[in-house]
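Notes follow the structure.
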Amino acid sequence: MPSPGRGSPYYSLGSKRRKMIHGSCLCRKVRFRVDGPVRELSHCHCSQCRKAYGSAFGTIAVVEARHFSYLAGADLIASYRQSERVTRYFCRNCGSKLPIAESWDPLVGIPAELLEGDLGQTPSTHIFVGSKAHWWEITDSAPQYSEWKPAEDFNERFAEIKKDE
Ligand SMILES: [Zn+2]
Ligand SMILES: [Zn+2]
C-alpha cells in the first residue's frame with residue numbers, strides 16, 4: 001500500500017479531499033483506520049501523559065469519532081481507568097498505548113506514533129505546558145497553552161455531554 005501523501009489517490013477521491021490513515025500497535029494485532037483528516041496534532045505535556053507515554057510529552061492526533069474504526073484486535077484492548085473522566089487503553093499483547101475513543105465523545109485522541117504515513121500536518125500546539133517536564137525545553141514556535149487549548153477542552157466536552165444523560 002502506498003503511503004498517503006500529497007498527490008496520492010487518498011487525497012482526491014471524487015471532488016472531496018479524503019484521506020485514509022491506518023494505525024496499529026507495536027505487535028500489529030490491534031489495527032484501526034481513520035477515514036478522514038487529522039484535525040489537530042498536539043504535544044501534551046501533562047504529568048499523566050508523560051507517565052503514560054514514558055516520554056517528555058505525548059503527541060496526540062485528534063480525529064472525529066465518526067471517521068475512526070477498529071479493524072482488528074478489539075479483544076486485545078485492555079484499559080486503565082485513570083479517573084472518572086479519563087480511561088487509557090493499551091494492547092494486552094505488546095503494551096502499546098491505544099486511541100482514547102469513548103462512546104460519548106465526538107473526538108478520538110490517537111497516540112500519533114501509532115499512525116502510518118503522512119498525517120498532512122505537523123504538531124500545531126503544545127498543551128499543559130504548565131506541567132511540563134523541567135528537563136525538557138520547547139524550542140519550536142507552535143503556540144503554547146498552560147492547560148487545554150480553549151476550543152478543545154476535554155473536560156468541557158465531558159461536562160456538556162454528561163449533563164444531557
Ligand atoms: Zn499490540
Ligand atoms: Zn496529557
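In the C-alpha cells, chains take the letters A, B, ... in the order shown, each chain's residues start at 1, and ligands count up from 1 in the order shown.
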DSSP alpha helix (DSSP H) residues within segment 2-158 of chain A, as a PyMOL selection string | chain A and resi 47-53+154-158
Take the residues from that selection and write them out as an mmCIF file, in the first residue's frame, keeping C-alpha atoms.
```cif
data_model
loop_
_atom_site.group_PDB
_atom_site.id
_atom_site.type_symbol
_atom_site.label_atom_id
_atom_site.label_comp_id
_atom_site.auth_asym_id
_atom_site.auth_seq_id
_atom_site.Cartn_x
_atom_site.Cartn_y
_atom_site.Cartn_z
ATOM 1 C CA SER A 47 2.194 14.724 34.020
ATOM 2 C CA GLN A 48 -0.238 11.870 33.284
ATOM 3 C CA CYS A 49 0.613 11.751 29.576
ATOM 4 C CA ARG A 50 4.310 11.894 30.401
ATOM 5 C CA LYS A 51 3.997 8.812 32.590
ATOM 6 C CA ALA A 52 1.618 7.005 30.237
ATOM 7 C CA TYR A 53 3.795 7.645 27.192
ATOM 8 C CA PHE A 154 -11.900 17.629 27.063
ATOM 9 C CA ASN A 155 -13.449 18.406 30.465
ATOM 10 C CA GLU A 156 -15.885 20.830 28.876
ATOM 11 C CA ARG A 157 -16.930 18.280 26.266
ATOM 12 C CA PHE A 158 -17.373 15.722 29.023
#
```
Within 12 Å of Arg92 of chain A, counting only C-alpha atoms, which residues show up once you throw out same-chain ones fewer than 6 positions away? Write them as a ChimeraX atom specification, please.
-> /A:25-30,73-80,98
Which of these residues is nearest to ligand 1, using only C-alpha atoms and all ligand atoms: A:Thr122, A:Ser69, A:Gln144, A:Ser96?
->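 Nearest candidate to ligand 1 out of A:Thr122, A:Ser69, A:Gln144, A:Ser96: A:Ser96.
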Contacts of segment 16-46 of chain A with segment 62-68 of chain A up to 7 Å, shortest pair per row, only C-alpha atoms, as CSV:
```
residue,atom,partner,partner_atom,distance
A:Arg33,CA,A:Phe68,CA,6.0
A:Val34,CA,A:Phe68,CA,4.6
A:Asp35,CA,A:His67,CA,4.8
A:Gly36,CA,A:His67,CA,5.6
A:Pro37,CA,A:Val63,CA,6.8
A:Val38,CA,A:Val63,CA,5.1
A:Arg39,CA,A:Val63,CA,5.5
A:Glu40,CA,A:Val62,CA,5.2
A:Leu41,CA,A:Val62,CA,6.3
```
Residues of the last selection are to be written out with C-alpha atoms, as a short mmCIF file (atom, residue, chain, number, x, y, z; two decimals), in the first residue's frame.
```
data_model
loop_
_atom_site.label_atom_id
_atom_site.label_comp_id
_atom_site.auth_asym_id
_atom_site.auth_seq_id
_atom_site.Cartn_x
_atom_site.Cartn_y
_atom_site.Cartn_z
CA ARG A 33 -8.22 3.22 10.42
CA VAL A 34 -9.20 6.85 10.16
CA ASP A 35 -11.29 7.74 7.16
CA GLY A 36 -10.81 11.50 7.38
CA PRO A 37 -8.29 14.17 8.22
CA VAL A 38 -6.36 14.71 11.43
CA ARG A 39 -7.96 17.81 12.96
CA GLU A 40 -5.06 18.63 15.15
CA LEU A 41 -1.73 17.22 16.16
#
```
Can you build me a table of chain A residues sitting at most 12 Å from ligand 2, with the closest atom pair per residue and its distance in Å to one decimal, using only C-alpha atoms and all ligand atoms, sorted by chain and residue number, as CSV?
```
residue,atom,partner,partner_atom_place_in_ligand_line,distance
A:Ser42,CA,ligand 2,1 (Zn),9.8
A:His43,CA,ligand 2,1 (Zn),8.1
A:Cys44,CA,ligand 2,1 (Zn),4.5
A:His45,CA,ligand 2,1 (Zn),5.8
A:Cys46,CA,ligand 2,1 (Zn),4.3
A:Ser47,CA,ligand 2,1 (Zn),6.8
A:Gln48,CA,ligand 2,1 (Zn),5.8
A:Cys49,CA,ligand 2,1 (Zn),4.1
A:Arg50,CA,ligand 2,1 (Zn),7.1
A:Lys51,CA,ligand 2,1 (Zn),9.3
A:Ala52,CA,ligand 2,1 (Zn),8.8
A:Tyr53,CA,ligand 2,1 (Zn),9.3
A:Gly54,CA,ligand 2,1 (Zn),11.8
A:Ser55,CA,ligand 2,1 (Zn),11.3
A:Ala56,CA,ligand 2,1 (Zn),10.8
A:Phe57,CA,ligand 2,1 (Zn),7.6
A:Gly58,CA,ligand 2,1 (Zn),6.6
A:Thr59,CA,ligand 2,1 (Zn),8.8
A:Ile60,CA,ligand 2,1 (Zn),8.7
A:Gln82,CA,ligand 2,1 (Zn),11.7
A:Val86,CA,ligand 2,1 (Zn),10.2
A:Thr87,CA,ligand 2,1 (Zn),12.0
A:Arg88,CA,ligand 2,1 (Zn),10.9
A:Ile100,CA,ligand 2,1 (Zn),11.7
A:Gly109,CA,ligand 2,1 (Zn),10.4
A:Ile110,CA,ligand 2,1 (Zn),11.8
A:Pro111,CA,ligand 2,1 (Zn),10.7
A:His126,CA,ligand 2,1 (Zn),10.1
A:Ile127,CA,ligand 2,1 (Zn),7.6
A:Phe128,CA,ligand 2,1 (Zn),6.9
A:Val129,CA,ligand 2,1 (Zn),9.7
A:Gly130,CA,ligand 2,1 (Zn),11.2
A:Ser131,CA,ligand 2,1 (Zn),9.5
A:Lys132,CA,ligand 2,1 (Zn),9.8
A:Ser146,CA,ligand 2,1 (Zn),11.5
A:Glu147,CA,ligand 2,1 (Zn),9.1
A:Trp148,CA,ligand 2,1 (Zn),9.2
A:Lys149,CA,ligand 2,1 (Zn),11.8
A:Asp153,CA,ligand 2,1 (Zn),11.6
A:Phe154,CA,ligand 2,1 (Zn),10.5
```
Can you spit out the residues from that selection as a CSV table (one decimal), in the first residue's frame, using C-alpha atoms?
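Below is the file out39.csv, written as the result:
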```csv
chain,number,residue,atom,x,y,z
A,42,SER,CA,-0.7,18.4,19.6
A,43,HIS,CA,2.0,17.7,22.2
A,44,CYS,CA,0.5,17.2,25.6
A,45,HIS,CA,3.0,17.9,28.4
A,46,CYS,CA,0.7,16.9,31.3
A,47,SER,CA,2.2,14.7,34.0
A,48,GLN,CA,-0.2,11.9,33.3
A,49,CYS,CA,0.6,11.8,29.6
A,50,ARG,CA,4.3,11.9,30.4
A,51,LYS,CA,4.0,8.8,32.6
A,52,ALA,CA,1.6,7.0,30.2
A,53,TYR,CA,3.8,7.6,27.2
A,54,GLY,CA,7.1,7.2,29.0
A,55,SER,CA,8.3,10.3,27.3
A,56,ALA,CA,8.8,14.1,27.7
A,57,PHE,CA,5.3,14.5,26.2
A,58,GLY,CA,2.6,12.6,24.4
A,59,THR,CA,1.8,13.5,20.8
A,60,ILE,CA,-1.9,13.2,20.2
A,82,GLN,CA,-7.2,6.9,35.4
A,86,VAL,CA,-10.1,9.5,31.6
A,87,THR,CA,-9.6,5.9,30.7
A,88,ARG,CA,-6.4,4.9,29.0
A,100,ILE,CA,-9.0,7.0,23.5
A,109,GLY,CA,-7.4,11.1,20.7
A,110,ILE,CA,-4.8,8.8,19.0
A,111,PRO,CA,-1.2,8.5,20.1
A,126,HIS,CA,1.7,22.4,23.0
A,127,ILE,CA,-0.9,21.8,25.7
A,128,PHE,CA,-0.5,21.6,29.5
A,129,VAL,CA,2.8,23.4,29.3
A,130,GLY,CA,2.2,24.4,32.9
A,131,SER,CA,3.1,20.9,34.0
A,132,LYS,CA,5.8,20.1,31.5
A,146,SER,CA,-0.8,26.2,30.1
A,147,GLU,CA,-3.7,23.7,30.1
A,148,TRP,CA,-6.2,22.9,27.3
A,149,LYS,CA,-6.4,24.8,24.1
A,153,ASP,CA,-11.2,21.3,26.4
A,154,PHE,CA,-11.9,17.6,27.1
```
Between atom CA of Phe32 of chain A and atom CA of Leu114 of chain A, measure the distance and give it in Å to one decimal.
->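 Taking atom CA of Phe32 of chain A and atom CA of Leu114 of chain A, their separation equals 9.5 Å.
What separates atom CA of Lys97 of chain A from atom CA of Ala72 of chain A is a distance of 15.3 Å.
For the choices A:Pro106, A:Pro123, A:Gly117, A:Pro143, the atom-to-atom distance to Gly23 of chain A is smallest for A:Gly117 when using only C-alpha atoms.
Minimum distance to Trp104 of chain A across A:Ala61, A:Arg85, A:Phe90, A:Glu116 (counting only C-alpha atoms) occurs at A:Arg85.
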Please identify which residues in chain A DSSP calls strand (DSSP E or B) from the backbone, and express them as an NGL selection string.
-> :A and (13 or 16 or 20-24 or 31-35 or 40-44 or 58-64 or 68-72 or 77-81 or 87-91 or 97-98 or 100 or 107-111 or 115 or 125-127 or 144)
